[in-house]
$ cat target-v6.csv   # CSV, C-alpha atoms
chain,number,residue,atom,x,y,z
A,1,ASP,CA,10.5,-0.4,-15.0
A,2,VAL,CA,9.5,-3.9,-16.0
A,3,LYS,CA,6.4,-5.0,-14.2
A,4,VAL,CA,5.2,-8.5,-13.8
A,5,THR,CA,1.9,-8.8,-12.0
A,6,GLN,CA,0.1,-11.9,-10.7
A,7,SER,CA,-3.6,-12.0,-10.2
A,8,SER,CA,-3.6,-13.0,-6.5
A,9,ARG,CA,-1.1,-12.8,-3.6
A,10,TYR,CA,-3.0,-15.5,-1.6
A,11,LEU,CA,-5.4,-18.1,-2.8
A,12,VAL,CA,-7.2,-20.9,-0.9
A,13,LYS,CA,-8.8,-23.7,-2.9
A,14,ARG,CA,-10.4,-27.1,-2.2
A,15,THR,CA,-9.1,-30.4,-3.4
A,16,GLY,CA,-10.4,-31.2,-6.9
A,17,GLU,CA,-11.1,-27.6,-7.8
A,18,LYS,CA,-9.9,-26.1,-11.1
A,19,VAL,CA,-7.5,-23.3,-10.4
A,20,PHE,CA,-6.3,-20.5,-12.7
A,21,LEU,CA,-3.2,-18.4,-11.9
A,22,GLU,CA,-2.8,-15.4,-14.1
A,23,CYS,CA,0.3,-13.5,-15.0
A,24,VAL,CA,0.7,-10.3,-17.0
A,25,GLN,CA,3.9,-8.5,-18.1
A,26,ASP,CA,4.1,-5.0,-19.6
A,27,MET,CA,7.5,-5.1,-21.3
A,28,ASP,CA,6.6,-6.9,-24.5
A,29,HIS,CA,8.8,-9.9,-23.5
A,30,GLU,CA,8.8,-12.9,-25.7
A,31,ASN,CA,9.5,-15.5,-23.0
A,32,MET,CA,7.3,-16.2,-19.9
A,33,PHE,CA,7.8,-18.8,-17.2
A,34,TRP,CA,6.0,-20.4,-14.3
A,35,TYR,CA,7.9,-21.7,-11.3
A,36,ARG,CA,6.9,-23.2,-8.0
A,37,GLN,CA,9.0,-22.4,-4.9
A,38,ASP,CA,9.1,-24.8,-2.0
A,39,PRO,CA,11.4,-24.7,1.1
A,40,GLY,CA,14.6,-26.6,0.5
A,41,LEU,CA,13.8,-27.2,-3.2
A,42,GLY,CA,14.4,-23.7,-4.6
A,43,LEU,CA,12.7,-22.6,-7.8
A,44,ARG,CA,11.5,-25.4,-10.1
A,45,LEU,CA,10.3,-24.7,-13.6
A,46,ILE,CA,6.8,-25.9,-14.4
A,47,TYR,CA,6.2,-24.6,-17.9
A,48,PHE,CA,7.5,-21.9,-20.1
A,49,SER,CA,6.5,-20.2,-23.3
A,50,TYR,CA,8.6,-18.4,-25.9
A,51,ASP,CA,5.8,-17.1,-28.1
A,52,VAL,CA,2.0,-16.7,-28.2
A,53,LYS,CA,0.3,-20.1,-28.3
A,54,MET,CA,3.7,-21.9,-27.8
A,55,LYS,CA,4.5,-23.8,-24.6
A,56,GLU,CA,7.1,-26.2,-23.4
A,57,LYS,CA,7.3,-28.4,-20.4
A,58,GLY,CA,9.7,-27.6,-17.6
A,59,ASP,CA,11.0,-29.9,-15.0
A,60,ILE,CA,7.7,-30.6,-13.1
A,61,PRO,CA,4.7,-30.2,-15.5
A,62,GLU,CA,2.6,-33.0,-14.1
A,63,GLY,CA,-0.8,-31.8,-12.8
A,64,TYR,CA,-0.4,-28.4,-14.6
A,65,SER,CA,-1.2,-26.9,-17.9
A,66,VAL,CA,-0.7,-23.4,-19.3
A,67,SER,CA,-2.2,-21.0,-21.8
A,68,ARG,CA,-0.7,-18.1,-23.7
A,69,GLU,CA,-3.3,-16.5,-26.0
A,70,LYS,CA,-1.7,-13.0,-25.8
A,71,LYS,CA,1.9,-12.1,-25.6
A,72,GLU,CA,1.5,-10.3,-22.3
A,73,ARG,CA,-0.5,-12.9,-20.5
A,74,PHE,CA,0.5,-16.4,-19.3
A,75,SER,CA,-1.9,-18.5,-17.3
A,76,LEU,CA,-1.1,-21.5,-15.2
A,77,ILE,CA,-4.0,-24.0,-14.7
A,78,LEU,CA,-4.3,-26.7,-12.1
A,79,GLU,CA,-6.9,-29.0,-13.7
A,80,SER,CA,-7.8,-30.7,-10.4
A,81,ALA,CA,-6.0,-29.2,-7.4
A,82,SER,CA,-4.4,-31.5,-4.9
A,83,THR,CA,-2.9,-30.8,-1.5
A,84,ASN,CA,0.7,-31.5,-2.8
A,85,GLN,CA,0.2,-28.5,-5.1
A,86,THR,CA,0.2,-26.2,-2.1
A,87,SER,CA,3.1,-23.9,-2.8
A,88,MET,CA,4.3,-20.4,-3.8
A,89,TYR,CA,3.9,-19.9,-7.5
A,90,LEU,CA,6.1,-17.4,-9.3
A,91,CYS,CA,5.7,-16.0,-12.8
A,92,ALA,CA,8.7,-14.5,-14.7
A,93,SER,CA,9.3,-13.0,-18.1
A,94,SER,CA,12.4,-12.3,-20.2
A,95,ARG,CA,13.3,-11.1,-23.7
A,96,VAL,CA,15.0,-13.1,-26.4
A,97,ILE,CA,18.7,-12.8,-25.6
A,98,ARG,CA,20.7,-10.6,-27.9
A,99,THR,CA,23.4,-9.4,-25.6
A,100,GLY,CA,25.1,-10.8,-22.5
A,101,ARG,CA,22.4,-10.7,-19.9
A,102,ASN,CA,19.7,-13.3,-19.5
A,103,GLU,CA,17.5,-11.5,-16.9
A,104,GLN,CA,14.2,-12.9,-15.8
A,105,PHE,CA,11.8,-10.5,-14.2
A,106,PHE,CA,9.6,-12.0,-11.5
A,107,GLY,CA,6.2,-11.2,-10.2
A,108,PRO,CA,5.6,-11.1,-6.4
A,109,GLY,CA,4.2,-14.6,-6.3
A,110,THR,CA,0.9,-16.3,-5.5
A,111,ARG,CA,0.8,-18.4,-2.3
A,112,LEU,CA,-1.7,-21.2,-3.1
A,113,THR,CA,-3.1,-23.4,-0.3
A,114,VAL,CA,-5.1,-26.4,-1.3
A,115,LEU,CA,-7.3,-27.9,1.5
B,1,GLY,CA,20.1,-32.4,-17.4
B,2,GLU,CA,21.7,-29.5,-15.5
B,3,ASN,CA,21.8,-29.7,-11.8
B,4,VAL,CA,22.8,-26.9,-9.5
B,5,GLU,CA,23.7,-27.4,-5.8
B,6,GLN,CA,23.9,-24.5,-3.4
B,7,HIS,CA,25.4,-24.3,0.1
B,8,PRO,CA,24.7,-23.3,2.8
B,9,SER,CA,21.0,-23.4,3.1
B,10,THR,CA,21.1,-20.8,5.9
B,11,LEU,CA,23.8,-18.4,6.9
B,12,SER,CA,23.9,-16.0,9.8
B,13,VAL,CA,26.5,-13.2,10.0
B,14,GLN,CA,27.2,-10.2,12.1
B,15,GLU,CA,26.7,-6.8,10.4
B,16,GLY,CA,30.0,-5.8,8.8
B,17,ASP,CA,31.2,-9.3,8.3
B,18,SER,CA,31.5,-11.0,4.9
B,19,ALA,CA,29.2,-13.7,3.6
B,20,VAL,CA,30.0,-16.4,1.0
B,21,ILE,CA,27.5,-18.6,-0.8
B,22,LYS,CA,28.7,-21.4,-3.0
B,23,CYS,CA,27.2,-23.3,-5.9
B,24,THR,CA,28.3,-26.2,-8.1
B,25,TYR,CA,26.8,-27.1,-11.5
B,26,SER,CA,26.9,-30.3,-13.5
B,27,ASP,CA,26.6,-29.4,-17.1
B,28,SER,CA,30.0,-28.3,-18.6
B,29,ALA,CA,28.1,-26.5,-21.4
B,30,SER,CA,26.7,-24.0,-19.0
B,31,ASN,CA,28.1,-20.5,-19.8
B,32,TYR,CA,26.0,-18.0,-17.8
B,33,PHE,CA,25.7,-17.8,-14.0
B,34,PRO,CA,23.3,-15.2,-12.4
B,35,TRP,CA,22.6,-14.6,-8.8
B,36,TYR,CA,19.1,-13.5,-7.6
B,37,LYS,CA,18.0,-11.9,-4.3
B,38,GLN,CA,14.6,-12.5,-3.0
B,39,GLU,CA,13.4,-10.1,-0.2
B,40,LEU,CA,10.5,-11.0,2.0
B,41,GLY,CA,7.2,-10.9,0.1
B,42,LYS,CA,8.8,-10.2,-3.3
B,43,GLY,CA,9.9,-12.1,-6.3
B,44,PRO,CA,13.6,-12.8,-6.9
B,45,GLN,CA,15.6,-10.0,-8.6
B,46,LEU,CA,18.9,-10.3,-10.5
B,47,ILE,CA,21.8,-8.7,-8.6
B,48,ILE,CA,24.9,-9.9,-10.5
B,49,ASP,CA,25.8,-12.3,-13.2
B,50,ILE,CA,28.9,-13.7,-14.8
B,51,ARG,CA,29.7,-15.4,-18.1
B,52,SER,CA,32.0,-18.3,-18.5
B,53,ASN,CA,34.8,-16.3,-20.2
B,54,VAL,CA,35.3,-14.2,-17.0
B,55,GLY,CA,36.7,-15.5,-13.7
B,56,GLU,CA,35.5,-12.7,-11.4
B,57,LYS,CA,33.1,-9.8,-11.5
B,58,LYS,CA,32.6,-7.2,-8.8
B,59,ASP,CA,29.8,-4.6,-8.2
B,60,GLN,CA,30.4,-2.5,-5.1
B,61,ARG,CA,30.0,-4.8,-2.1
B,62,ILE,CA,29.1,-7.9,-4.1
B,63,ALA,CA,31.3,-10.1,-6.2
B,64,VAL,CA,31.0,-13.4,-8.0
B,65,THR,CA,33.8,-15.8,-8.8
B,66,LEU,CA,33.8,-18.7,-11.3
B,67,ASN,CA,36.0,-21.8,-11.5
B,68,LYS,CA,35.1,-23.5,-14.7
B,69,THR,CA,37.4,-26.4,-14.2
B,70,ALA,CA,35.8,-27.3,-10.9
B,71,LYS,CA,32.4,-26.2,-12.0
B,72,HIS,CA,32.1,-23.9,-8.9
B,73,PHE,CA,30.8,-20.4,-8.6
B,74,SER,CA,30.4,-18.3,-5.5
B,75,LEU,CA,28.8,-15.1,-4.3
B,76,HIS,CA,30.7,-12.8,-1.9
B,77,ILE,CA,29.1,-10.0,0.0
B,78,THR,CA,31.5,-7.8,2.0
B,79,GLU,CA,30.6,-5.4,4.8
B,80,THR,CA,27.2,-6.9,5.2
B,81,GLN,CA,24.2,-4.7,6.2
B,82,PRO,CA,20.8,-5.7,7.6
B,83,GLU,CA,19.2,-4.9,4.2
B,84,ASP,CA,21.3,-7.7,2.8
B,85,SER,CA,19.1,-10.2,4.7
B,86,ALA,CA,17.2,-12.1,2.1
B,87,VAL,CA,17.1,-15.5,0.2
B,88,TYR,CA,19.8,-15.7,-2.4
B,89,PHE,CA,19.6,-18.1,-5.4
B,90,CYS,CA,22.3,-19.1,-7.8
B,91,ALA,CA,21.5,-20.3,-11.3
B,92,ALA,CA,23.1,-21.7,-14.4
B,93,SER,CA,22.2,-21.6,-18.1
B,94,ASN,CA,23.6,-22.6,-21.4
B,95,MET,CA,23.0,-19.3,-23.2
B,96,ASN,CA,22.1,-19.4,-26.9
B,97,TYR,CA,22.3,-15.8,-28.2
B,98,GLY,CA,19.4,-15.0,-30.5
B,99,GLY,CA,17.8,-18.2,-29.5
B,100,ALA,CA,14.3,-18.5,-28.4
B,101,THR,CA,14.3,-19.4,-24.7
B,102,ASN,CA,17.2,-19.9,-22.3
B,103,LYS,CA,16.1,-21.7,-19.2
B,104,LEU,CA,17.7,-21.0,-15.9
B,105,ILE,CA,18.4,-23.9,-13.5
B,106,PHE,CA,18.2,-22.5,-10.0
B,107,GLY,CA,19.9,-23.7,-6.8
B,108,THR,CA,17.9,-24.4,-3.7
B,109,GLY,CA,18.5,-21.0,-2.1
B,110,THR,CA,20.4,-19.6,0.9
B,111,LEU,CA,18.6,-17.7,3.6
B,112,LEU,CA,21.1,-15.0,4.7
B,113,ALA,CA,20.4,-13.3,8.1
B,114,VAL,CA,22.6,-10.2,8.9
B,115,GLN,CA,22.5,-9.6,12.7
B,116,PRO,CA,22.7,-5.9,13.7
$ encode --input "target-v6.csv" --output "structure tokens"
Amino acid sequence: DVKVTQSSRYLVKRTGEKVFLECVQDMDHENMFWYRQDPGLGLRLIYFSYDVKMKEKGDIPEGYSVSREKKERFSLILESASTNQTSMYLCASSRVIRTGRNEQFFGPGTRLTVL
Amino acid sequence: GENVEQHPSTLSVQEGDSAVIKCTYSDSASNYFPWYKQELGKGPQLIIDIRSNVGEKKDQRIAVTLNKTAKHFSLHITETQPEDSAVYFCAASNMNYGGATNKLIFGTGTLLAVQP
């Protein structure tokens, strides 16, 4: 089974702190994604990566950066955490599409609270 | 860019009844429409998907229909059971086979509660 793991289930940080969220996948997927999930807003894409050291902005990249030094690991960085970044963060991975299904495999999420 | 609207935001049904969740999309180039189920404390998981060259697809108690002209697609769950209680997300994508990354644009989610 594909497994996507996230470093923490719950995280509490203070305003202004630098925050690292880590994601690891074990299926050699090329693509990795970071989303945030907020009530009434669904899943919104922050950043994605289609290869090592490659990254592209999603729909809401402001206040975030990412790092992908190894194929299996994709990190989300909050340079200076703010209270409006309190949210559930979901990591996902997928392979390059060669057949009909474009399935993204999600981790369990990290609930981040910024005080 | 693509926008996906999803309704209703919450849905409560009695066990055994049917549930229908509807989505509309804006980009006529979208050609792939998956549905994800998110159980409490877990990440979303793909349950069914449909491509734009197909009007309907069924898998046991769940089915998805697509109306390309109206840019609507719907999830139908028959004979609902308590374990169907979850948040359901629709999504749309313009799939590029062999391409690098194919983003999914998600709807806002529907919380389905199946009352025993």
$ interface_residues --input "target-v6.csv" --of "chain A" --to "chain B" --cutoff "6 Å" --atoms "only C-alpha atoms" --output "ChimeraX atom specification"
/A:40-43,50,96-98,106-108
$ atom_distance --input "target-v6.csv" --atom1 "atom CA of Asp17 of chain B" --atom2 "atom CA of Gln115 of chain B"
9.8 Å
$ closest_residue --input "target-v6.csv" --among "A:Met32, A:Met54, A:Leu11, A:Leu90" --to "Val114 of chain A" --atoms "all atoms listed in the file"
A:Leu11
$ residues_around --input "target-v6.csv" --residues "Ile46 of chain A" --least-positions-apart "5" --cutoff "12 Å" --atoms "all atoms listed in the file" --output "PDB file with C-alpha atoms, in the frame of the given file"
ATOM      1  CA  MET A  32       7.300 -16.200 -19.900  1.00  0.00           C
ATOM      2  CA  PHE A  33       7.800 -18.800 -17.200  1.00  0.00           C
ATOM      3  CA  TRP A  34       6.000 -20.400 -14.300  1.00  0.00           C
ATOM      4  CA  TYR A  35       7.900 -21.700 -11.300  1.00  0.00           C
ATOM      5  CA  ARG A  36       6.900 -23.200  -8.000  1.00  0.00           C
ATOM      6  CA  GLN A  37       9.000 -22.400  -4.900  1.00  0.00           C
ATOM      7  CA  LYS A  55       4.500 -23.800 -24.600  1.00  0.00           C
ATOM      8  CA  GLU A  56       7.100 -26.200 -23.400  1.00  0.00           C
ATOM      9  CA  LYS A  57       7.300 -28.400 -20.400  1.00  0.00           C
ATOM     10  CA  GLY A  58       9.700 -27.600 -17.600  1.00  0.00           C
ATOM     11  CA  ASP A  59      11.000 -29.900 -15.000  1.00  0.00           C
ATOM     12  CA  ILE A  60       7.700 -30.600 -13.100  1.00  0.00           C
ATOM     13  CA  PRO A  61       4.700 -30.200 -15.500  1.00  0.00           C
ATOM     14  CA  GLU A  62       2.600 -33.000 -14.100  1.00  0.00           C
ATOM     15  CA  GLY A  63      -0.800 -31.800 -12.800  1.00  0.00           C
ATOM     16  CA  TYR A  64      -0.400 -28.400 -14.600  1.00  0.00           C
ATOM     17  CA  SER A  65      -1.200 -26.900 -17.900  1.00  0.00           C
ATOM     18  CA  VAL A  66      -0.700 -23.400 -19.300  1.00  0.00           C
ATOM     19  CA  SER A  75      -1.900 -18.500 -17.300  1.00  0.00           C
ATOM     20  CA  LEU A  76      -1.100 -21.500 -15.200  1.00  0.00           C
ATOM     21  CA  ILE A  77      -4.000 -24.000 -14.700  1.00  0.00           C
ATOM     22  CA  LEU A  78      -4.300 -26.700 -12.100  1.00  0.00           C
ATOM     23  CA  GLN A  85       0.200 -28.500  -5.100  1.00  0.00           C
ATOM     24  CA  TYR A  89       3.900 -19.900  -7.500  1.00  0.00           C
ATOM     25  CA  LEU A  90       6.100 -17.400  -9.300  1.00  0.00           C
ATOM     26  CA  CYS A  91       5.700 -16.000 -12.800  1.00  0.00           C
ATOM     27  CA  ALA A  92       8.700 -14.500 -14.700  1.00  0.00           C
TER      28      ALA A  92
ATOM     29  CA  LYS B 103      16.100 -21.700 -19.200  1.00  0.00           C
ATOM     30  CA  ILE B 105      18.400 -23.900 -13.500  1.00  0.00           C
TER      31      ILE B 105
END
$ atom_distance --input "target-v6.csv" --atom1 "atom CA of Asn67 of chain B" --atom2 "atom CA of Val4 of chain B"
14.3 Å
$ build_atoms --input "target-v6.csv" --residues "segment 82-99 of chain A" --atoms "N, CA, C and O atoms" --output "mmCIF file, in the frame of the given file"
data_model
loop_
_atom_site.group_PDB
_atom_site.id
_atom_site.type_symbol
_atom_site.label_atom_id
_atom_site.label_comp_id
_atom_site.auth_asym_id
_atom_site.auth_seq_id
_atom_site.Cartn_x
_atom_site.Cartn_y
_atom_site.Cartn_z
ATOM 1 N N SER A 82 -4.640 -30.531 -5.961
ATOM 2 C CA SER A 82 -4.400 -31.500 -4.900
ATOM 3 C C SER A 82 -3.540 -30.846 -3.816
ATOM 4 O O SER A 82 -2.901 -29.813 -4.044
ATOM 5 N N THR A 83 -3.548 -31.446 -2.633
ATOM 6 C CA THR A 83 -2.900 -30.800 -1.500
ATOM 7 C C THR A 83 -1.356 -30.692 -1.756
ATOM 8 O O THR A 83 -0.719 -29.761 -1.238
ATOM 9 N N ASN A 84 -0.769 -31.583 -2.566
ATOM 10 C CA ASN A 84 0.700 -31.500 -2.800
ATOM 11 C C ASN A 84 1.009 -30.352 -3.811
ATOM 12 O O ASN A 84 2.184 -30.134 -4.135
ATOM 13 N N GLN A 85 -0.014 -29.634 -4.250
ATOM 14 C CA GLN A 85 0.200 -28.500 -5.100
ATOM 15 C C GLN A 85 0.171 -27.170 -4.243
ATOM 16 O O GLN A 85 0.275 -26.061 -4.795
ATOM 17 N N THR A 86 0.025 -27.304 -2.941
ATOM 18 C CA THR A 86 0.200 -26.200 -2.100
ATOM 19 C C THR A 86 1.585 -25.649 -2.138
ATOM 20 O O THR A 86 2.538 -26.398 -1.904
ATOM 21 N N SER A 87 1.741 -24.392 -2.527
ATOM 22 C CA SER A 87 3.100 -23.900 -2.800
ATOM 23 C C SER A 87 3.007 -22.379 -3.095
ATOM 24 O O SER A 87 1.938 -21.798 -3.210
ATOM 25 N N MET A 88 4.201 -21.776 -3.265
ATOM 26 C CA MET A 88 4.300 -20.400 -3.800
ATOM 27 C C MET A 88 4.568 -20.550 -5.297
ATOM 28 O O MET A 88 5.480 -21.273 -5.716
ATOM 29 N N TYR A 89 3.770 -19.849 -6.086
ATOM 30 C CA TYR A 89 3.900 -19.900 -7.500
ATOM 31 C C TYR A 89 4.437 -18.536 -8.031
ATOM 32 O O TYR A 89 3.860 -17.495 -7.728
ATOM 33 N N LEU A 90 5.508 -18.594 -8.791
ATOM 34 C CA LEU A 90 6.100 -17.400 -9.300
ATOM 35 C C LEU A 90 6.114 -17.378 -10.825
ATOM 36 O O LEU A 90 6.453 -18.365 -11.465
ATOM 37 N N CYS A 91 5.717 -16.242 -11.362
ATOM 38 C CA CYS A 91 5.700 -16.000 -12.800
ATOM 39 C C CYS A 91 6.935 -15.146 -13.133
ATOM 40 O O CYS A 91 7.316 -14.276 -12.329
ATOM 41 N N ALA A 92 7.532 -15.352 -14.297
ATOM 42 C CA ALA A 92 8.700 -14.500 -14.700
ATOM 43 C C ALA A 92 8.568 -14.290 -16.230
ATOM 44 O O ALA A 92 7.911 -15.053 -16.954
ATOM 45 N N SER A 93 9.235 -13.250 -16.686
ATOM 46 C CA SER A 93 9.300 -13.000 -18.100
ATOM 47 C C SER A 93 10.728 -12.547 -18.484
ATOM 48 O O SER A 93 11.473 -12.055 -17.632
ATOM 49 N N SER A 94 11.091 -12.739 -19.745
ATOM 50 C CA SER A 94 12.400 -12.300 -20.200
ATOM 51 C C SER A 94 12.315 -12.057 -21.732
ATOM 52 O O SER A 94 11.417 -12.581 -22.400
ATOM 53 N N ARG A 95 13.261 -11.309 -22.243
ATOM 54 C CA ARG A 95 13.300 -11.100 -23.700
ATOM 55 C C ARG A 95 14.215 -12.102 -24.321
ATOM 56 O O ARG A 95 14.999 -12.776 -23.656
ATOM 57 N N VAL A 96 14.093 -12.242 -25.645
ATOM 58 C CA VAL A 96 15.000 -13.100 -26.400
ATOM 59 C C VAL A 96 16.416 -12.472 -26.234
ATOM 60 O O VAL A 96 16.597 -11.268 -26.336
ATOM 61 N N ILE A 97 17.400 -13.305 -25.958
ATOM 62 C CA ILE A 97 18.700 -12.800 -25.600
ATOM 63 C C ILE A 97 19.457 -12.340 -26.874
ATOM 64 O O ILE A 97 19.634 -13.091 -27.822
ATOM 65 N N ARG A 98 19.888 -11.083 -26.841
ATOM 66 C CA ARG A 98 20.700 -10.600 -27.900
ATOM 67 C C ARG A 98 22.029 -10.035 -27.437
ATOM 68 O O ARG A 98 22.953 -9.846 -28.207
ATOM 69 N N THR A 99 22.119 -9.806 -26.150
ATOM 70 C CA THR A 99 23.400 -9.400 -25.600
ATOM 71 C C THR A 99 23.682 -10.297 -24.376
ATOM 72 O O THR A 99 23.066 -11.340 -24.229
#
